[in-house]
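run.csv follows (CSV, C-alpha atoms):
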chain,number,residue,atom,x,y,z
A,1,MET,CA,66.6,-70.4,-96.3
A,2,SER,CA,65.3,-70.7,-92.8
A,3,ASP,CA,62.2,-68.7,-91.5
A,4,ALA,CA,62.8,-65.2,-90.1
A,5,VAL,CA,63.0,-65.0,-86.3
A,6,ALA,CA,60.0,-63.1,-84.7
A,7,PRO,CA,60.9,-60.0,-82.5
A,8,ARG,CA,60.7,-60.5,-78.6
A,9,LYS,CA,58.0,-58.6,-76.7
A,10,SER,CA,59.0,-56.4,-73.7
A,11,VAL,CA,57.8,-57.2,-70.2
A,12,LEU,CA,55.5,-54.2,-70.1
A,13,ALA,CA,53.9,-55.2,-73.3
A,14,ARG,CA,52.9,-58.4,-71.7
A,15,VAL,CA,51.3,-56.7,-68.6
A,16,PRO,CA,47.5,-56.1,-68.9
A,17,THR,CA,46.4,-52.6,-69.5
A,18,PRO,CA,44.1,-52.2,-66.3
A,19,LEU,CA,47.0,-53.3,-64.2
A,20,LEU,CA,49.2,-50.7,-65.8
A,21,ILE,CA,46.7,-48.0,-64.9
A,22,ILE,CA,46.6,-49.0,-61.3
A,23,ILE,CA,50.4,-49.1,-61.0
A,24,GLY,CA,50.6,-45.6,-62.6
A,25,THR,CA,48.0,-44.2,-60.2
A,26,LEU,CA,49.8,-45.6,-57.1
A,27,THR,CA,53.1,-44.3,-58.3
A,28,ALA,CA,51.7,-40.8,-58.8
A,29,ILE,CA,50.1,-40.8,-55.4
A,30,ALA,CA,53.4,-41.9,-53.8
A,31,LEU,CA,55.3,-39.3,-55.7
A,32,ALA,CA,52.8,-36.6,-54.6
A,33,ALA,CA,53.1,-37.6,-51.0
A,34,VAL,CA,56.9,-37.5,-51.1
A,35,LEU,CA,56.9,-34.1,-52.7
A,36,SER,CA,54.3,-32.8,-50.2
A,37,HIS,CA,56.4,-34.0,-47.3
A,38,LEU,CA,59.5,-32.4,-48.8
A,39,PHE,CA,58.0,-29.0,-49.5
A,40,ARG,CA,55.4,-28.8,-46.6
A,41,ARG,CA,55.4,-25.6,-44.5
A,42,PRO,CA,55.2,-25.9,-40.7
A,43,PRO,CA,51.6,-25.0,-39.4
A,44,ALA,CA,51.0,-21.5,-38.1
A,45,PRO,CA,50.6,-21.3,-34.3
A,46,PRO,CA,46.9,-20.7,-33.2
A,47,SER,CA,46.1,-17.0,-32.8
A,48,GLU,CA,44.7,-15.9,-29.4
A,49,PRO,CA,41.4,-14.0,-29.7
A,50,PRO,CA,41.7,-10.3,-28.9
A,51,PRO,CA,40.3,-9.1,-25.5
A,52,VAL,CA,36.8,-7.9,-25.4
A,53,ASN,CA,36.2,-4.2,-24.5
A,54,VAL,CA,34.1,-3.9,-21.3
A,55,ARG,CA,33.0,-1.2,-18.9
A,56,VAL,CA,33.2,-2.0,-15.1
A,57,MET,CA,31.8,-0.6,-11.9
A,58,THR,CA,33.6,-1.0,-8.6
A,59,ILE,CA,31.3,-2.4,-5.9
A,60,ARG,CA,30.8,0.0,-3.0
A,61,PRO,CA,28.1,-0.9,-0.4
A,62,GLU,CA,25.7,1.9,0.4
A,63,GLY,CA,25.2,3.0,4.0
A,64,LYS,CA,21.4,3.2,4.0
A,65,VAL,CA,19.0,1.8,1.4
A,66,ALA,CA,15.3,2.3,1.7
A,67,ASP,CA,13.3,-0.8,0.6
A,68,THR,CA,10.2,1.0,-0.7
A,69,MET,CA,7.0,-0.1,-2.5
A,70,ASP,CA,4.8,1.9,-4.8
A,71,LEU,CA,1.1,1.0,-4.8
A,72,PRO,CA,-2.1,2.5,-6.4
A,73,ALA,CA,-4.5,4.1,-4.0
A,74,VAL,CA,-7.7,6.1,-4.0
A,75,VAL,CA,-8.4,9.5,-2.3
A,76,GLU,CA,-11.4,9.4,0.1
A,77,PRO,CA,-13.0,12.1,2.2
A,78,ASN,CA,-12.2,12.3,5.8
A,79,ARG,CA,-15.9,12.3,6.7
A,80,VAL,CA,-19.3,12.4,4.9
A,81,VAL,CA,-22.1,13.5,7.2
A,82,ARG,CA,-25.7,13.0,6.0
A,83,VAL,CA,-27.8,15.7,7.8
A,84,ALA,CA,-31.4,14.7,8.5
A,85,ALA,CA,-34.4,16.6,9.8
A,86,GLU,CA,-35.3,16.0,13.5
A,87,VAL,CA,-38.8,17.6,13.4
A,88,SER,CA,-41.7,17.7,10.9
A,89,GLY,CA,-42.4,20.8,8.9
A,90,ARG,CA,-42.4,22.6,5.6
A,91,VAL,CA,-39.2,24.0,4.2
A,92,GLU,CA,-39.5,27.7,4.5
A,93,LYS,CA,-35.9,29.0,3.8
A,94,LEU,CA,-32.9,27.5,2.0
A,95,HIS,CA,-29.7,29.3,3.0
A,96,LEU,CA,-27.2,27.2,1.1
A,97,ASP,CA,-27.0,25.3,-2.2
A,98,ASP,CA,-25.0,22.5,-3.7
A,99,GLY,CA,-21.2,23.0,-3.6
A,100,ALA,CA,-21.3,25.7,-0.9
A,101,THR,CA,-18.6,25.8,1.7
A,102,VAL,CA,-19.9,25.7,5.2
A,103,SER,CA,-18.5,26.0,8.7
A,104,ARG,CA,-19.8,24.2,11.7
A,105,GLY,CA,-23.0,25.9,13.0
A,106,ASP,CA,-24.0,27.6,9.7
A,107,ALA,CA,-27.7,27.4,8.9
A,108,ILE,CA,-28.6,25.2,6.0
A,109,LEU,CA,-32.4,25.6,6.0
A,110,GLU,CA,-35.3,26.6,8.2
A,111,LEU,CA,-38.7,24.9,8.6
A,112,ASN,CA,-42.0,26.5,9.2
A,113,THR,CA,-42.5,27.0,13.0
A,114,ASP,CA,-46.1,28.0,13.4
A,115,ILE,CA,-47.3,24.8,15.0
A,116,LEU,CA,-44.1,24.3,17.1
A,117,ARG,CA,-44.2,27.9,18.4
A,118,ALA,CA,-47.8,27.5,19.5
A,119,GLU,CA,-47.0,24.3,21.3
A,120,HIS,CA,-44.0,26.0,23.0
A,121,ASP,CA,-46.1,29.0,24.0
A,122,ARG,CA,-48.7,26.7,25.6
A,123,ALA,CA,-46.0,24.8,27.5
A,124,VAL,CA,-44.5,28.0,28.8
A,125,ALA,CA,-47.9,29.3,29.9
A,126,GLN,CA,-48.6,26.1,31.8
A,127,GLN,CA,-45.2,26.3,33.4
A,128,GLN,CA,-45.8,29.8,34.6
A,129,PHE,CA,-49.2,28.8,36.1
A,130,ASP,CA,-47.7,25.8,37.9
A,131,LYS,CA,-45.0,28.0,39.3
A,132,ALA,CA,-47.5,30.5,40.7
A,133,GLU,CA,-49.5,27.6,42.1
A,134,VAL,CA,-46.5,26.3,44.0
A,135,GLU,CA,-46.0,29.7,45.5
A,136,ARG,CA,-49.6,30.1,46.5
A,137,ILE,CA,-49.8,26.6,48.2
A,138,GLY,CA,-46.6,27.4,50.0
A,139,LYS,CA,-48.2,30.5,51.6
A,140,LEU,CA,-51.3,28.5,52.5
A,141,LEU,CA,-49.1,25.8,54.0
A,142,THR,CA,-47.4,28.4,56.2
A,143,GLY,CA,-50.8,29.5,57.5
A,144,GLY,CA,-52.0,25.9,58.1
A,145,ALA,CA,-54.6,26.1,55.3
A,146,SER,CA,-52.9,23.5,53.1
A,147,THR,CA,-51.2,20.2,53.4
A,148,GLU,CA,-47.8,18.8,52.5
A,149,ARG,CA,-49.3,16.5,49.9
A,150,GLN,CA,-50.9,19.4,48.0
A,151,ARG,CA,-47.6,21.2,47.9
A,152,ASP,CA,-45.8,18.1,46.6
A,153,GLU,CA,-48.4,17.7,43.9
A,154,ALA,CA,-48.0,21.3,42.8
A,155,VAL,CA,-44.2,20.9,42.7
A,156,ALA,CA,-44.6,17.7,40.5
A,157,ARG,CA,-46.9,19.5,38.1
A,158,LEU,CA,-44.4,22.4,37.8
A,159,SER,CA,-41.6,19.9,37.0
A,160,ILE,CA,-43.7,18.3,34.3
A,161,SER,CA,-44.7,21.6,32.7
A,162,ALA,CA,-41.0,22.8,32.8
A,163,ALA,CA,-39.9,19.6,31.0
A,164,SER,CA,-42.7,20.1,28.4
A,165,ALA,CA,-41.5,23.7,27.9
A,166,ALA,CA,-37.9,22.6,27.5
A,167,GLN,CA,-39.0,19.9,25.0
A,168,THR,CA,-41.0,22.3,22.8
A,169,LYS,CA,-38.1,24.8,22.9
A,170,ALA,CA,-35.7,22.1,21.7
A,171,LEU,CA,-38.1,21.1,18.9
A,172,LEU,CA,-38.4,24.8,17.9
A,173,ASP,CA,-34.6,25.2,17.8
A,174,ARG,CA,-34.3,22.1,15.6
A,175,SER,CA,-36.6,23.6,13.0
A,176,ARG,CA,-33.4,25.6,12.0
A,177,ILE,CA,-31.1,22.9,10.7
A,178,LEU,CA,-27.4,23.7,11.2
A,179,ALA,CA,-24.2,22.2,9.7
A,180,PRO,CA,-22.8,19.7,12.3
A,181,ILE,CA,-19.2,19.9,10.7
A,182,SER,CA,-17.3,22.1,8.4
A,183,GLY,CA,-16.9,21.1,4.8
A,184,VAL,CA,-18.6,21.3,1.4
A,185,ILE,CA,-22.3,20.7,0.8
A,186,ASN,CA,-22.2,18.0,-1.8
A,187,ARG,CA,-25.9,17.9,-2.3
A,188,VAL,CA,-29.1,19.5,-0.9
A,189,SER,CA,-31.8,16.9,-1.1
A,190,VAL,CA,-34.9,19.0,-0.5
A,191,GLU,CA,-36.6,22.0,-2.1
A,192,LYS,CA,-38.3,25.1,-0.7
A,193,GLY,CA,-41.9,24.3,0.2
A,194,GLU,CA,-41.3,20.6,0.5
A,195,TYR,CA,-42.7,18.9,3.7
A,196,VAL,CA,-40.1,16.8,5.6
A,197,GLN,CA,-40.5,14.2,8.3
A,198,PRO,CA,-38.0,13.3,11.1
A,199,GLY,CA,-35.2,11.3,9.5
A,200,THR,CA,-35.5,12.9,6.0
A,201,ILE,CA,-32.1,13.5,4.6
A,202,ILE,CA,-31.6,17.2,4.1
A,203,ALA,CA,-28.0,17.5,2.8
A,204,ASP,CA,-24.6,15.7,2.5
A,205,ILE,CA,-21.6,17.5,3.9
A,206,VAL,CA,-18.1,16.3,2.8
A,207,ASP,CA,-15.1,17.1,4.9
A,208,THR,CA,-12.1,17.3,2.5
A,209,ALA,CA,-9.8,19.6,4.5
A,210,VAL,CA,-8.2,16.3,5.5
A,211,VAL,CA,-8.4,13.3,3.2
A,212,LYS,CA,-7.8,9.6,3.6
A,213,VAL,CA,-5.8,7.8,1.0
A,214,ALA,CA,-6.8,4.2,0.9
A,215,VAL,CA,-4.3,1.6,-0.3
A,216,ASP,CA,-4.5,-2.2,-0.4
A,217,LEU,CA,-1.4,-3.8,1.0
A,218,PRO,CA,-0.3,-7.2,-0.3
A,219,GLU,CA,-0.1,-10.0,2.2
A,220,ARG,CA,3.8,-10.1,2.1
A,221,ASP,CA,4.1,-6.4,2.7
A,222,THR,CA,1.6,-5.9,5.5
A,223,PRO,CA,3.9,-7.0,8.3
A,224,PHE,CA,6.4,-4.2,7.5
A,225,ILE,CA,3.9,-1.3,8.0
A,226,ARG,CA,3.0,0.2,11.3
A,227,LEU,CA,0.7,2.9,12.5
A,228,GLU,CA,2.2,6.4,12.4
A,229,ASP,CA,4.6,5.4,9.5
A,230,VAL,CA,5.2,8.2,7.1
A,231,GLY,CA,4.5,7.7,3.4
A,232,GLN,CA,4.4,9.8,0.2
A,233,VAL,CA,1.3,10.3,-1.9
A,234,GLN,CA,2.1,11.0,-5.6
A,235,ALA,CA,-0.7,12.7,-7.6
A,236,GLN,CA,-1.3,14.6,-10.8
A,237,VAL,CA,-2.3,18.1,-10.0
A,238,ARG,CA,-3.1,20.3,-13.0
A,239,GLY,CA,-0.8,18.2,-15.2
A,240,GLU,CA,2.1,18.3,-12.8
A,241,MET,CA,3.2,15.4,-10.5
A,242,ARG,CA,3.1,16.5,-6.9
A,243,GLU,CA,4.0,14.7,-3.6
A,244,PHE,CA,2.0,15.0,-0.4
A,245,PRO,CA,3.2,13.6,2.9
A,246,GLY,CA,0.8,11.3,4.8
A,247,ARG,CA,0.8,9.3,8.0
A,248,VAL,CA,-0.6,5.8,8.4
A,249,THR,CA,-3.6,6.2,10.7
A,250,PHE,CA,-5.4,2.9,10.0
A,251,LEU,CA,-4.3,-0.7,9.2
A,252,SER,CA,-7.0,-3.3,9.0
A,253,ALA,CA,-6.6,-6.3,11.3
A,254,LEU,CA,-8.5,-8.5,8.8
A,255,ALA,CA,-7.3,-9.3,5.3
A,256,ASP,CA,-9.8,-9.6,2.5
A,257,ALA,CA,-10.9,-13.2,2.2
A,258,GLN,CA,-10.8,-13.2,-1.6
A,259,THR,CA,-7.8,-11.0,-2.5
A,260,ARG,CA,-5.7,-11.5,0.8
A,261,VAL,CA,-4.9,-7.7,0.9
A,262,SER,CA,-5.3,-5.5,3.9
A,263,ARG,CA,-6.8,-2.0,3.8
A,264,CYS,CA,-4.4,0.8,4.9
A,265,GLU,CA,-5.3,4.5,5.2
A,266,LEU,CA,-3.0,7.5,5.2
A,267,THR,CA,-4.2,10.8,6.5
A,268,VAL,CA,-3.1,13.8,4.3
A,269,ASP,CA,-3.6,17.5,4.9
A,270,ASN,CA,-5.7,18.9,2.0
A,271,ARG,CA,-6.5,22.4,3.1
A,272,ASP,CA,-5.5,23.6,-0.3
A,273,GLY,CA,-8.0,21.3,-2.0
A,274,LEU,CA,-5.5,19.9,-4.5
A,275,LEU,CA,-6.6,16.3,-3.9
A,276,ARG,CA,-10.0,15.4,-5.0
A,277,CYS,CA,-12.1,12.5,-3.7
A,278,GLY,CA,-12.1,9.5,-6.0
A,279,GLN,CA,-8.7,10.5,-7.5
A,280,ILE,CA,-6.4,7.7,-8.4
A,281,VAL,CA,-2.9,8.3,-6.9
A,282,ARG,CA,0.2,6.3,-5.9
A,283,VAL,CA,1.5,5.7,-2.4
A,284,ARG,CA,5.2,5.1,-1.6
A,285,LEU,CA,5.8,3.3,1.7
A,286,VAL,CA,9.0,2.2,3.2
A,287,ARG,CA,9.2,-1.5,4.2
A,288,ARG,CA,12.6,-1.3,5.9
A,289,THR,CA,16.0,0.3,5.7
A,290,LEU,CA,18.9,-1.9,4.7
A,291,ASP,CA,22.5,-1.2,6.0
A,292,HIS,CA,25.5,-1.7,3.7
A,293,ALA,CA,23.5,-3.0,0.8
A,294,ILE,CA,25.3,-3.9,-2.5
A,295,LEU,CA,23.5,-2.5,-5.5
A,296,ALA,CA,24.3,-3.3,-9.1
A,297,PRO,CA,22.7,-2.4,-12.5
A,298,LEU,CA,19.9,-4.8,-13.3
A,299,LEU,CA,21.2,-5.1,-16.9
A,300,SER,CA,24.5,-6.5,-15.6
A,301,VAL,CA,22.7,-9.6,-14.3
A,302,ILE,CA,22.5,-12.5,-16.8
A,303,PRO,CA,19.6,-15.0,-16.2
A,304,MET,CA,20.6,-18.6,-16.7
A,305,GLU,CA,18.5,-21.8,-16.7
A,306,GLU,CA,19.3,-22.2,-13.0
A,307,GLY,CA,19.9,-19.0,-11.2
A,308,LYS,CA,21.6,-15.8,-12.3
A,309,ILE,CA,25.2,-14.8,-12.9
A,310,VAL,CA,27.4,-11.7,-13.3
A,311,TYR,CA,30.9,-11.2,-14.6
A,312,VAL,CA,33.7,-9.5,-12.7
A,313,VAL,CA,37.2,-8.6,-13.8
A,314,GLU,CA,40.2,-10.2,-12.0
A,315,GLY,CA,43.4,-8.8,-13.5
A,316,ASP,CA,42.6,-8.8,-17.2
A,317,VAL,CA,40.3,-11.9,-17.1
A,318,ALA,CA,36.5,-12.2,-16.8
A,319,ARG,CA,35.3,-14.4,-14.0
A,320,GLN,CA,31.8,-15.7,-13.6
A,321,ARG,CA,29.9,-15.3,-10.3
A,322,PRO,CA,26.5,-16.8,-9.4
A,323,VAL,CA,24.4,-14.2,-7.5
A,324,THR,CA,21.1,-13.9,-5.6
A,325,LEU,CA,19.0,-10.9,-5.9
A,326,GLY,CA,17.0,-8.8,-3.4
A,327,LEU,CA,15.0,-5.6,-3.8
A,328,LEU,CA,14.7,-3.5,-6.9
A,329,ARG,CA,15.4,0.2,-6.8
A,330,GLY,CA,14.9,1.9,-10.2
A,331,ARG,CA,17.4,0.4,-12.6
A,332,ASP,CA,19.4,-1.2,-9.8
A,333,VAL,CA,19.0,-4.4,-7.9
A,334,GLN,CA,20.3,-5.5,-4.6
A,335,ILE,CA,22.9,-8.4,-4.7
A,336,THR,CA,22.4,-10.4,-1.5
A,337,SER,CA,25.2,-12.8,-2.2
A,338,GLY,CA,27.9,-13.3,-4.9
A,339,LEU,CA,29.6,-9.9,-4.8
A,340,GLU,CA,31.8,-8.1,-2.3
A,341,ALA,CA,33.1,-4.6,-1.8
A,342,GLY,CA,35.9,-3.9,-4.2
A,343,ASP,CA,34.8,-6.3,-6.9
A,344,ARG,CA,35.0,-4.9,-10.4
A,345,LEU,CA,31.6,-5.8,-11.9
A,346,ILE,CA,31.3,-5.8,-15.7
A,347,VAL,CA,28.3,-3.6,-16.6
A,348,ALA,CA,28.7,-3.4,-20.4
A,349,GLY,CA,30.0,-5.9,-22.8
A,350,HIS,CA,29.4,-8.7,-20.3
A,351,ARG,CA,27.2,-10.6,-22.8
A,352,PHE,CA,30.1,-11.1,-25.2
A,353,VAL,CA,32.5,-12.6,-22.7
A,354,GLY,CA,32.9,-16.0,-21.2
A,355,ALA,CA,34.6,-17.3,-18.0
A,356,GLY,CA,38.3,-17.0,-18.3
A,357,GLN,CA,38.3,-14.7,-21.4
A,358,ARG,CA,40.7,-11.8,-21.5
A,359,VAL,CA,39.0,-8.4,-21.4
A,360,LYS,CA,40.1,-4.8,-21.7
A,361,VAL,CA,38.5,-2.2,-19.4
A,362,VAL,CA,37.7,0.8,-21.5
A,363,GLY,CA,35.8,2.8,-18.8
A,364,GLU,CA,34.4,2.7,-15.3
A,365,ASP,CA,30.9,3.7,-14.3
A,366,GLY,CA,29.6,5.0,-10.9
A,367,PRO,CA,27.2,3.0,-8.8
A,368,ASP,CA,24.2,4.8,-10.3
A,369,ALA,CA,25.5,5.4,-13.8
A,370,THR,CA,23.3,4.4,-16.8
A,371,VAL,CA,24.8,1.3,-18.5
A,372,ALA,CA,25.2,2.5,-22.0
A,373,ALA,CA,28.3,2.1,-24.1
A,374,SER,CA,28.0,1.4,-27.7
A,375,ALA,CA,31.6,0.4,-28.2
A,376,ALA,CA,31.3,-2.1,-25.3
A,377,THR,CA,28.0,-3.6,-26.4
A,378,ASP,CA,28.9,-4.0,-30.1
A,379,PRO,CA,31.4,-7.0,-30.4
A,380,GLY,CA,32.6,-5.8,-33.8
A,381,ALA,CA,33.3,-2.3,-32.5
A,382,ALA,CA,35.1,-3.8,-29.5
A,383,ARG,CA,37.5,-5.8,-31.6
A,384,ALA,CA,38.0,-3.0,-34.0
A,385,GLY,CA,39.3,-0.9,-31.1
A,386,ASN,CA,42.3,-3.2,-30.9

Translate this structure into structure tokens?
Amino acid sequence: MSDAVAPRKSVLARVPTPLLIIIGTLTAIALAAVLSHLFRRPPAPPSEPPPVNVRVMTIRPEGKVADTMDLPAVVEPNRVVRVAAEVSGRVEKLHLDDGATVSRGDAILELNTDILRAEHDRAVAQQQFDKAEVERIGKLLTGGASTERQRDEAVARLSISAASAAQTKALLDRSRILAPISGVINRVSVEKGEYVQPGTIIADIVDTAVVKVAVDLPERDTPFIRLEDVGQVQAQVRGEMREFPGRVTFLSALADAQTRVSRCELTVDNRDGLLRCGQIVRVRLVRRTLDHAILAPLLSVIPMEEGKIVYVVEGDVARQRPVTLGLLRGRDVQITSGLEAGDRLIVAGHRFVGAGQRVKVVGEDGPDATVAASAATDPGAARAGN
């Protein structure tokens, strides 16, 4: 009996196991790719972002715009006169005290006049004697008993005695010291019974019916100011802000060597006494008046690394405009270039748009309206509105 025949092995049985794993993996990947291609859905078209809600302002140039400046200033008296004694003497009477209001010619004090009056009486007596002597010599000259020289000498003595009498009279009058100006006695420097010499300060009189408001003008602003220009002085009076008109009456021709500012003085009527010397106030002066100026809210301007930009609406698209700025007026700024009349400037929501982005105008502000719109400044709220 012959040996049994061994069974034949299949082809797959003779393939190594690792190779079978690789073949299976590749087959699965190919099958997955075929099925994905057969059952793949076409991609959805890209969605366009919704327009951003914005508020705009139509640019309308203003006819006249005042370029003003506000500067700190100090109130100073119009005049301070230091009254001094002109003759020696003892203070006998004090008519006024510190803080008294005086008019020109009012008596402040009187000095003792015993010595001055005696000197004046002696000078007057000498004058009367010399006058009589001139008359007597004149009669003698008529009768030939005197000479022309004697008469001339008598006339000269009379002139000298008359001058002496006038001098002592003037000194006697100056023993009564009068106020040279109207104002307020800031301080009386002597007391009753005190002896004073010529030149001794008796009192300080301050004239505050008119005051000077002194302001330091920066170098760049000085060329705009002229004498007789009108300004406004703003001051706190009893807790209330008040304005007083003033006129430029002095402008220094020399700037300070250290600070490069020039002193300017405005004269202000202060007959009511509302402004006090030394008070800190503010002065508003007009540099110039601009015609057809374009003003825009300062918040609508976006600073960039180089320059500044704004956004305007053209149709329903935001466009970027580079701008240059001029003067500031409150919350507005002058646009010297970049905007024209009729442009629709985005004043709220402009920080959430880009050049070429679609926008939706939800409101329009006036030229001086406050830029405040919560729906326009909140990007989530803006999109929720759509």

message = When you count only C-alpha atoms, which of these residues is closest to Gly278 of chain A: A:Lys212, A:Arg242, A:Arg122, A:Arg247?
response = A:Lys212

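Using all atoms listed in the file, the protein and nucleic acid residues lying no more than 8 Å from Arg260 of chain A, apart from those fewer than 3 places from it along its own chain, are Pro218, Glu219, Ala255, Asp256 and Ala257 of chain A.
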
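Residue nearest Ala214 of chain A, chosen from A:Val281, A:Leu26, A:Leu116, A:Ala179 and counting all atoms listed in the file: A:Val281.
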
inquiry  = I want to know what sits within 6 Å of Arg104 of chain A, based on all atoms listed in the file, with residues of the same chain fewer than 5 positions away left out; could you give that as a ChimeraX atom specification?
reply    = /A:179-182

task = With a distance cut-off of 7 Å and only C-alpha atoms, select the neighbouring residues of Ser88 of chain A, excluding the residue or stretch itself and same-chain residues fewer than 6 positions from it, and output the selection as a VMD selection string.
result = chain A and resid 196 to 198

Excluding segment 153-162 of chain A and residues on its chain fewer than 3 positions from it, collect all residues at most 9 Å away from it, counting only C-alpha atoms, and give them as a compact mmCIF listing (two decimals) with C-alpha atoms, in the coordinates of the input.
# COMPACT_ATOMS: atom_id res chain seq x y z
CA ALA A 123 -46.00 24.80 27.50
CA VAL A 124 -44.50 28.00 28.80
CA ALA A 125 -47.90 29.30 29.90
CA GLN A 126 -48.60 26.10 31.80
CA GLN A 127 -45.20 26.30 33.40
CA GLN A 128 -45.80 29.80 34.60
CA PHE A 129 -49.20 28.80 36.10
CA ASP A 130 -47.70 25.80 37.90
CA LYS A 131 -45.00 28.00 39.30
CA GLU A 133 -49.50 27.60 42.10
CA VAL A 134 -46.50 26.30 44.00
CA ILE A 137 -49.80 26.60 48.20
CA GLU A 148 -47.80 18.80 52.50
CA ARG A 149 -49.30 16.50 49.90
CA GLN A 150 -50.90 19.40 48.00
CA ALA A 165 -41.50 23.70 27.90
CA ALA A 166 -37.90 22.60 27.50
CA GLN A 167 -39.00 19.90 25.00

Which residue of A:Val233, A:Leu227, A:Ile205, A:Val65 approaches Gly326 of chain A most closely, using all atoms listed in the file = A:Val65

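Using all atoms listed in the file, the smallest distance between any of A:Ala203, A:Cys277, A:Val353, A:Ala118 and Pro50 of chain A comes from A:Val353.
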
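Using all atoms listed in the file for every distance, the candidate list A:Arg187, A:Lys139, A:His292, A:Lys93 yields A:Arg187 as the residue closest to Val81 of chain A.
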
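Take atom CA of Asp98 of chain A and atom CA of Leu274 of chain A: the distance between them is 19.7 Å.
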
inquiry  = So that I can check the surroundings of Leu109 of chain A, please list as a ChimeraX atom specification every protein, DNA and RNA residue that reaches within 10 Å of it, counting only C-alpha atoms and ignoring chain neighbours fewer than 2 positions away.
reply    = /A:85,91-97,106-107,111,175-179,188,190-192,202-203

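Nearest residue to Ile115 of chain A among A:Leu171, A:Leu295, A:Met69, A:Val80 is A:Leu171, counting all atoms listed in the file.
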
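Here atom CA of Arg60 of chain A and atom CA of Met304 of chain A stand 25.3 Å from one another.
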
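Between atom CA of Leu172 of chain A and atom CA of Val102 of chain A the interatomic distance comes to 22.5 Å.
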
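Once only C-alpha atoms are considered, the residues situated within 9 Å of the file point (-6.0, 6.0, 5.3) turn out to be Val75, Glu76, Asn78, Val211, Lys212, Val213, Ala214, Val215, Gly246, Arg247, Val248, Thr249, Phe250, Leu251, Arg263, Cys264, Glu265, Leu266, Thr267 and Val268 of chain A.
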